[in-house]
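Trainee: One file is attached below, structure_19.cif, containing mmCIF, C-alpha atoms and all ligand atoms.
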data_structure
loop_
_atom_site.label_atom_id
_atom_site.label_comp_id
_atom_site.auth_asym_id
_atom_site.auth_seq_id
_atom_site.Cartn_x
_atom_site.Cartn_y
_atom_site.Cartn_z
CA MET A 1 209.72 63.61 44.49
CA THR A 2 211.34 62.27 47.72
CA ALA A 3 209.40 60.80 50.63
CA PRO A 4 207.16 63.22 52.58
CA VAL A 5 208.84 64.90 55.51
CA PRO A 6 206.75 64.93 58.72
CA ILE A 7 206.17 68.39 60.23
CA PHE A 8 204.97 67.72 63.76
CA GLY A 9 206.51 64.46 65.05
CA ALA A 10 203.66 62.99 67.21
CA VAL A 11 200.79 64.27 65.02
CA ALA A 12 202.48 63.08 61.83
CA ASP A 13 202.86 59.59 63.37
CA ALA A 14 199.13 59.42 63.92
CA GLU A 15 197.91 60.48 60.46
CA PRO A 16 199.48 61.32 57.08
CA ASP A 17 200.77 64.88 56.79
CA LEU A 18 198.49 66.73 54.34
CA PHE A 19 201.21 69.26 53.56
CA ALA A 20 204.26 66.96 53.42
CA ALA A 21 204.98 67.89 49.79
CA GLU A 22 204.88 71.60 50.61
CA GLN A 23 207.17 71.01 53.57
CA HIS A 24 209.58 69.18 51.29
CA ALA A 25 209.43 71.97 48.68
CA LEU A 26 210.10 74.47 51.42
CA GLU A 27 213.13 72.52 52.59
CA GLN A 28 214.45 72.43 49.01
CA ALA A 29 213.88 76.14 48.58
CA ARG A 30 215.73 76.77 51.83
CA ARG A 31 218.64 74.66 50.66
CA ALA A 32 218.64 76.36 47.26
CA ALA A 33 218.62 79.73 48.93
CA ALA A 34 221.54 78.67 51.12
CA HIS A 35 223.72 77.26 48.33
CA GLU A 36 222.59 79.55 45.47
CA HIS A 37 222.22 76.83 42.84
CA ASN A 38 219.34 75.08 41.06
CA HIS A 39 217.05 78.04 42.05
CA GLN A 40 214.60 77.66 39.15
CA CYS A 41 213.81 74.02 39.72
CA ALA A 42 213.33 74.50 43.47
CA LEU A 43 211.13 77.57 42.92
CA ARG A 44 208.96 75.76 40.33
CA GLU A 45 208.38 72.98 42.79
CA LEU A 46 207.65 75.51 45.53
CA VAL A 47 205.09 77.31 43.33
CA ALA A 48 203.37 74.05 42.38
CA HIS A 49 203.11 72.86 45.93
CA TYR A 50 202.01 76.18 47.31
CA GLU A 51 199.27 76.32 44.70
CA ARG A 52 198.12 72.93 45.86
CA LEU A 53 198.37 74.13 49.47
CA LEU A 54 196.05 77.05 48.68
CA ARG A 55 193.56 74.81 46.85
CA GLU A 56 193.48 72.29 49.70
CA SER A 57 193.18 75.00 52.35
CA ARG A 58 190.25 76.60 50.50
CA ARG A 59 188.54 73.25 50.12
CA LEU A 60 188.98 72.52 53.83
CA VAL A 61 187.70 75.94 54.82
CA GLN A 62 184.64 75.48 52.59
CA ARG A 63 184.01 72.05 54.05
CA SER A 64 184.25 73.31 57.63
CA ASP A 65 181.99 76.29 56.74
CA ARG A 66 179.41 73.83 55.40
CA ALA A 67 179.72 71.69 58.54
CA GLU A 68 179.26 74.78 60.71
CA ARG A 69 176.17 75.84 58.74
CA GLN A 70 174.71 72.35 59.13
CA MET A 71 175.44 72.40 62.86
CA ASN A 72 173.78 75.82 63.23
CA GLN A 73 170.72 74.58 61.35
CA LEU A 74 170.57 71.51 63.58
CA ASN A 75 170.89 73.67 66.70
CA ALA A 76 168.10 75.99 65.54
CA ARG A 77 165.87 72.97 64.83
CA LEU A 78 166.61 71.50 68.27
CA GLN A 79 165.76 74.79 69.95
CA GLU A 80 162.52 74.99 67.96
CA MET A 81 161.62 71.45 69.04
CA ALA A 82 162.43 72.22 72.69
CA THR A 83 160.14 75.28 72.52
CA GLN A 84 157.36 73.18 70.96
CA LEU A 85 157.75 70.49 73.62
CA GLU A 86 157.69 73.10 76.39
CA TYR A 87 154.52 74.61 74.86
CA ARG A 88 152.80 71.22 74.58
CA ALA A 89 153.72 70.34 78.16
CA THR A 90 152.15 73.53 79.53
CA HIS A 91 149.19 74.31 77.23
CA ASP A 92 145.78 72.85 76.49
CA PRO A 93 145.75 71.71 72.83
CA LEU A 94 142.08 72.66 72.21
CA THR A 95 142.24 76.28 73.40
CA GLY A 96 145.89 77.26 73.79
CA ALA A 97 145.18 78.23 77.43
CA LEU A 98 147.57 77.05 80.15
CA ASN A 99 146.88 73.52 81.36
CA ARG A 100 146.18 72.67 84.98
CA GLY A 101 149.82 71.97 85.90
CA ALA A 102 151.01 75.24 84.40
CA VAL A 103 148.26 77.24 86.15
CA ILE A 104 149.32 75.78 89.50
CA GLU A 105 152.97 76.54 88.82
CA HIS A 106 152.28 80.14 87.68
CA ALA A 107 149.90 80.83 90.57
CA ARG A 108 152.42 79.49 93.10
CA SER A 109 155.13 81.75 91.69
CA CYS A 110 152.75 84.74 91.81
CA LEU A 111 151.80 84.03 95.42
CA LEU A 112 155.45 84.26 96.46
CA LEU A 113 155.44 87.94 95.42
CA HIS A 114 151.85 89.22 95.26
CA ASP A 115 148.31 89.00 96.58
CA ILE A 116 146.24 87.31 93.90
CA VAL A 117 142.66 87.06 92.74
CA LEU A 118 141.73 83.59 91.47
CA VAL A 119 138.59 83.27 89.38
CA VAL A 120 137.23 79.77 88.73
CA LEU A 121 134.59 79.65 86.04
CA ASP A 122 132.46 76.70 84.92
CA ILE A 123 130.13 76.57 81.89
CA ASP A 124 126.53 75.92 82.97
CA PHE A 125 124.71 72.79 81.80
CA PHE A 126 127.50 72.01 79.40
CA LYS A 127 126.39 68.40 79.10
CA GLN A 128 123.17 69.73 77.54
CA VAL A 129 125.21 71.78 75.04
CA ASN A 130 127.00 68.61 73.96
CA ASP A 131 123.82 66.56 73.94
CA THR A 132 121.88 69.16 71.93
CA TYR A 133 124.47 70.36 69.41
CA GLY A 134 127.09 67.61 69.42
CA HIS A 135 130.57 67.31 70.90
CA PRO A 136 132.35 69.34 68.15
CA ALA A 137 129.97 72.25 68.78
CA GLY A 138 130.74 71.87 72.50
CA ASP A 139 134.44 72.19 71.61
CA THR A 140 133.81 75.47 69.77
CA VAL A 141 132.02 76.80 72.88
CA ILE A 142 135.07 75.93 75.00
CA GLN A 143 137.33 77.71 72.49
CA ALA A 144 135.04 80.74 72.38
CA VAL A 145 135.00 80.97 76.20
CA VAL A 146 138.82 81.05 76.30
CA ALA A 147 138.89 83.62 73.47
CA CYS A 148 136.42 85.77 75.42
CA LEU A 149 138.45 85.53 78.66
CA THR A 150 141.66 86.31 76.78
CA GLU A 151 140.11 89.43 75.27
CA MET A 152 138.82 90.54 78.67
CA VAL A 153 142.11 90.27 80.58
CA GLU A 154 144.28 91.74 77.80
CA GLY A 155 147.50 90.08 78.91
CA GLN A 156 147.29 91.29 82.51
CA ALA A 157 146.34 87.89 83.94
CA PHE A 158 146.88 84.31 82.89
CA ILE A 159 144.13 81.98 81.82
CA GLY A 160 144.01 78.23 82.28
CA ARG A 161 141.74 75.37 81.39
CA VAL A 162 141.76 73.41 84.62
CA GLY A 163 139.05 70.87 83.73
CA GLY A 164 136.80 69.86 80.81
CA GLU A 165 134.55 72.97 81.00
CA GLU A 166 136.25 74.70 83.91
CA PHE A 167 138.64 77.62 83.54
CA SER A 168 140.68 79.81 85.82
CA VAL A 169 141.97 83.34 85.69
CA VAL A 170 144.81 84.38 87.98
CA TRP A 171 145.32 88.12 88.35
CA PRO A 172 148.14 89.29 90.62
CA GLY A 173 147.84 92.51 92.61
CA LEU A 174 144.05 92.98 92.61
CA ASN A 175 142.14 93.57 95.86
CA GLN A 176 138.91 91.81 96.86
CA VAL A 177 136.57 94.46 95.45
CA GLN A 178 138.43 94.43 92.13
CA GLY A 179 138.34 90.62 92.18
CA LEU A 180 134.57 90.52 92.55
CA ALA A 181 134.17 93.13 89.80
CA LEU A 182 136.44 91.08 87.53
CA GLY A 183 134.36 87.94 88.15
CA GLU A 184 131.21 89.86 87.25
CA ARG A 185 132.76 91.32 84.08
CA LEU A 186 133.82 87.85 82.93
CA ARG A 187 130.40 86.37 83.67
CA GLN A 188 128.67 89.15 81.69
CA ALA A 189 131.08 88.85 78.77
CA ILE A 190 130.31 85.13 78.45
CA ALA A 191 126.55 85.63 78.84
CA ASN A 192 126.66 88.24 76.05
CA THR A 193 128.78 86.18 73.66
CA GLU A 194 127.33 85.37 70.27
CA TRP A 195 128.04 81.68 69.77
CA PRO A 196 128.83 80.23 66.39
CA ALA A 197 126.28 78.02 64.56
CA PRO A 198 124.73 75.60 65.32
CA ILE A 199 124.36 77.00 68.85
CA THR A 200 121.22 79.07 69.12
CA ALA A 201 120.47 79.11 72.87
CA PRO A 202 122.44 81.29 75.29
CA VAL A 203 125.38 79.71 77.13
CA THR A 204 126.35 81.01 80.55
CA ALA A 205 128.94 80.32 83.22
CA SER A 206 129.00 80.30 87.00
CA VAL A 207 131.90 82.03 88.70
CA GLY A 208 133.71 81.64 92.03
CA VAL A 209 136.30 84.19 93.15
CA SER A 210 138.88 84.08 95.93
CA TRP A 211 141.36 86.70 97.06
CA SER A 212 144.57 85.44 98.69
CA ALA A 213 147.31 87.36 100.44
CA ARG A 214 150.92 86.97 99.35
CA GLY A 215 152.43 83.85 100.92
CA SER A 216 149.17 81.85 100.88
CA THR A 217 149.18 78.43 99.27
CA PHE A 218 147.64 77.77 95.87
CA GLU A 219 145.62 74.93 97.42
CA GLN A 220 143.91 77.38 99.85
CA ALA A 221 143.21 79.87 97.06
CA TYR A 222 141.77 77.18 94.78
CA PHE A 223 139.73 75.46 97.47
CA ARG A 224 138.07 78.75 98.46
CA ALA A 225 137.34 79.78 94.84
CA ASP A 226 135.93 76.31 94.14
CA GLN A 227 133.67 76.52 97.20
CA ALA A 228 132.44 79.92 95.95
CA LEU A 229 131.81 78.39 92.51
CA TYR A 230 129.79 75.62 94.13
CA ARG A 231 127.65 78.27 95.86
CA ALA A 232 127.17 80.06 92.53
CA LYS A 233 125.93 76.80 90.96
CA ARG A 234 123.61 76.22 93.95
CA SER A 235 122.28 79.78 93.66
CA GLY A 236 120.91 79.07 90.18
CA ARG A 237 124.06 79.46 87.96
CA ASN A 238 125.06 82.42 85.73
CA CYS A 239 126.16 84.36 88.83
CA VAL A 240 129.30 85.21 90.80
CA ARG A 241 130.12 84.32 94.39
CA MET A 242 133.11 85.57 96.38
CA ALA A 243 134.93 83.38 98.91
CA ASP A 244 134.71 84.68 102.50
N1 LIG Q 1 132.70 69.07 73.88
C1 LIG Q 1 133.41 68.80 74.95
N2 LIG Q 1 132.82 68.42 76.09
C2 LIG Q 1 133.56 68.18 77.18
C3 LIG Q 1 134.96 68.32 77.18
N3 LIG Q 1 135.41 68.03 78.43
C4 LIG Q 1 134.34 67.71 79.17
N4 LIG Q 1 133.20 67.83 78.44
C5 LIG Q 1 131.82 67.58 78.84
O1 LIG Q 1 131.44 68.52 79.81
C6 LIG Q 1 130.28 67.98 80.44
C7 LIG Q 1 130.28 68.39 81.89
O2 LIG Q 1 129.07 67.99 82.41
P1 LIG Q 1 128.68 68.10 83.94
O3 LIG Q 1 129.91 67.91 84.79
O4 LIG Q 1 127.53 67.19 84.18
O5 LIG Q 1 128.30 69.58 84.15
P2 LIG Q 1 127.26 70.51 83.41
O6 LIG Q 1 126.36 69.77 82.46
O7 LIG Q 1 128.04 71.65 82.84
O8 LIG Q 1 126.37 71.03 84.60
P3 LIG Q 1 126.74 72.12 85.68
O9 LIG Q 1 128.24 72.25 85.73
O10 LIG Q 1 126.19 71.57 86.97
O11 LIG Q 1 126.06 73.37 85.29
C8 LIG Q 1 130.28 66.48 80.21
O12 LIG Q 1 129.22 66.14 79.35
C9 LIG Q 1 131.61 66.24 79.50
O13 LIG Q 1 131.52 65.23 78.53
C10 LIG Q 1 135.57 68.71 75.95
O14 LIG Q 1 136.81 68.85 75.84
N5 LIG Q 1 134.78 68.94 74.88
#
Please go through the file and, once you have read it, give me the structure as structure tokens.
Ligand SMILES: Nc1nc2c(ncn2[C@@H]2O[C@H](COP(=O)(O)OP(=O)(O)OP(=O)(O)O)[C@@H](O)[C@H]2O)c(=O)[nH]1
Mentor:
Amino acid sequence: MTAPVPIFGAVADAEPDLFAAEQHALEQARRAAAHEHNHQCALRELVAHYERLLRESRRLVQRSDRAERQMNQLNARLQEMATQLEYRATHDPLTGALNRGAVIEHARSCLLLHDIVLVVLDIDFFKQVNDTYGHPAGDTVIQAVVACLTEMVEGQAFIGRVGGEEFSVVWPGLNQVQGLALGERLRQAIANTEWPAPITAPVTASVGVSWSARGSTFEQAYFRADQALYRAKRSGRNCVRMAD
């Protein structure tokens, strides 16, 4: 066989031509066709090289298919990891509720478009719960409170854990009367919860509620709800107070 014949000048200079033999066979076939002699030999060579061309092409296609599959798998894994990271950055690991930063961000976005009711809820005498039943039992109470709030709001509001035993519920579009009623419903639901063993005594929560008009700041809404919560604690706990 004679030396390979480059196909594409500049490209062939850079790397060996994978199909040089086929190109050569093609040239021979062209010449044979032009001069009408030695047809058989030229055609045999053409067949051999074109068979190799097909084999090589199939192998390359398979290899690039495999590389594409691997890249797709890698992409899917990266997206999964990005979703997990996003979730961890915005959620409380113990309860799955939004963390403080995410609550603030969500509430701010809501306030751009809606009036909101903000409920701030704090478990009463929680230190005693920990001291009496142990810290792990205290953790199950925190989880049960979030489960109870989640069941009560049924996806219409978002729930956050804004402190150790302090939670918030942000409900866009409610008026003040509805806000107070919501606070009372949440308080009752917690007071009526059956707590898992080893907790035998009732656990309650105090509740502060603020209503804020669209365009208010989150800081104002939170400050007022927190003040109302403080009044609820001062009034004997297990009750609801509404911000002025
Ligand atoms: N088990 C558990 N306890 C926590 C967690 N975060 C905070 N705490 C506890 O929550 C308790 C809060 O106690 P305090 O701030 O004194 O409030 P309190 O006993 O609930 O009393 P009042 O709020 O005044 O009714 C502390 O004992 C903290 O250790 C947590 O993630 N798990």
Trainee: Residues at most 8 Å from Asp115 in chain A, counting only C-alpha atoms, excluding those fewer than 5 positions away in the same chain, as a PyMOL selection string?
Mentor: chain A and resi 110+172-175+211-215
Trainee: How about saving the chosen residues, C-alpha atoms kept, as a PDB file, in the frame of the given file?
Mentor:
ATOM      1  CA  CYS A 110     152.750  84.740  91.810  1.00  0.00           C
ATOM      2  CA  PRO A 172     148.140  89.290  90.620  1.00  0.00           C
ATOM      3  CA  GLY A 173     147.840  92.510  92.610  1.00  0.00           C
ATOM      4  CA  LEU A 174     144.050  92.980  92.610  1.00  0.00           C
ATOM      5  CA  ASN A 175     142.140  93.570  95.860  1.00  0.00           C
ATOM      6  CA  TRP A 211     141.360  86.700  97.060  1.00  0.00           C
ATOM      7  CA  SER A 212     144.570  85.440  98.690  1.00  0.00           C
ATOM      8  CA  ALA A 213     147.310  87.360 100.440  1.00  0.00           C
ATOM      9  CA  ARG A 214     150.920  86.970  99.350  1.00  0.00           C
ATOM     10  CA  GLY A 215     152.430  83.850 100.920  1.00  0.00           C
TER      11      GLY A 215
END
Trainee: Counting all atoms listed in the file, which residues of range 23-99 of chain A fall within 8 Å of range 134-149 of chain A, and what is the closest atom pair for each with its distance in Å at one decimal, ordered by chain and rising number, as CSV?
Mentor:
residue,atom,partner,partner_atom,distance
A:Leu94,CA,A:Gln143,CA,6.9
A:Thr95,CA,A:Gln143,CA,5.2
A:Ala97,CA,A:Val146,CA,7.0
Trainee: List as CSV every residue of chain A that is in contact with ligand LIG 1 (chain Q), defined as an atom at most 10 Å from one of its atoms (using all atoms listed in the file), together with the nearest atom pair and the distance in Å rounded to one decimal, sorted by chain and then rising number.
Mentor:
residue,atom,partner,partner_atom,distance
A:Asp92,CA,Q:LIG1,O14,9.8
A:Pro93,CA,Q:LIG1,O14,9.9
A:Leu94,CA,Q:LIG1,O14,7.4
A:Thr95,CA,Q:LIG1,O14,9.5
A:Leu121,CA,Q:LIG1,O9,9.8
A:Asp122,CA,Q:LIG1,O9,6.2
A:Ile123,CA,Q:LIG1,O7,5.4
A:Asp124,CA,Q:LIG1,O11,3.5
A:Phe125,CA,Q:LIG1,O6,3.5
A:Phe126,CA,Q:LIG1,O7,3.5
A:Lys127,CA,Q:LIG1,O6,3.6
A:Gln128,CA,Q:LIG1,O6,5.9
A:Val129,CA,Q:LIG1,O6,7.8
A:Asn130,CA,Q:LIG1,N1,5.7
A:Asp131,CA,Q:LIG1,O12,7.7
A:Tyr133,CA,Q:LIG1,N1,9.5
A:Gly134,CA,Q:LIG1,N1,7.3
A:His135,CA,Q:LIG1,N1,4.1
A:Pro136,CA,Q:LIG1,N1,5.7
A:Ala137,CA,Q:LIG1,N1,6.6
A:Gly138,CA,Q:LIG1,N1,3.7
A:Asp139,CA,Q:LIG1,N1,4.2
A:Thr140,CA,Q:LIG1,N1,7.7
A:Val141,CA,Q:LIG1,N1,7.8
A:Ile142,CA,Q:LIG1,N5,7.0
A:Gln143,CA,Q:LIG1,N5,9.4
A:Arg161,CA,Q:LIG1,O14,9.9
A:Gly163,CA,Q:LIG1,N3,7.0
A:Gly164,CA,Q:LIG1,N3,3.3
A:Glu165,CA,Q:LIG1,O1,5.6
A:Glu166,CA,Q:LIG1,O9,8.6
A:Thr204,CA,Q:LIG1,O11,9.0
A:Ala205,CA,Q:LIG1,O11,7.8
A:Ser206,CA,Q:LIG1,O11,7.7
A:Leu229,CA,Q:LIG1,O9,9.8
A:Tyr230,CA,Q:LIG1,O10,9.0
A:Ala232,CA,Q:LIG1,O11,9.9
A:Lys233,CA,Q:LIG1,O10,6.6
A:Arg234,CA,Q:LIG1,O10,8.8
A:Gly236,CA,Q:LIG1,O11,9.1
A:Arg237,CA,Q:LIG1,O11,6.9
A:Asn238,CA,Q:LIG1,O11,9.1
Trainee: Anything within 10 Å of (207.8, 71.0, 43.2): list those residues as a list in words, counting all atoms listed in the file and sticking to the file's coordinates.
Mentor: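 Using all atoms listed in the file, the matching residues come out as Met1, Ala21, Glu22, His24, Ala25, Leu26, Gln28, Ala29, Cys41, Ala42, Leu43, Arg44, Glu45, Leu46, Val47, Ala48, His49 and Tyr50 of chain A.
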Trainee: Closest to Phe167 in chain A among A:Ile104, A:Leu18, A:Leu78, A:Val120, using all atoms listed in the file?
Mentor: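 Ranked by minimum distance to Phe167 in chain A, first place goes to A:Val120.
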Trainee: So what do you get for CA of Leu111 in chain A versus CA of Arg88 in chain A, distance-wise?
Mentor: 24.5 Å
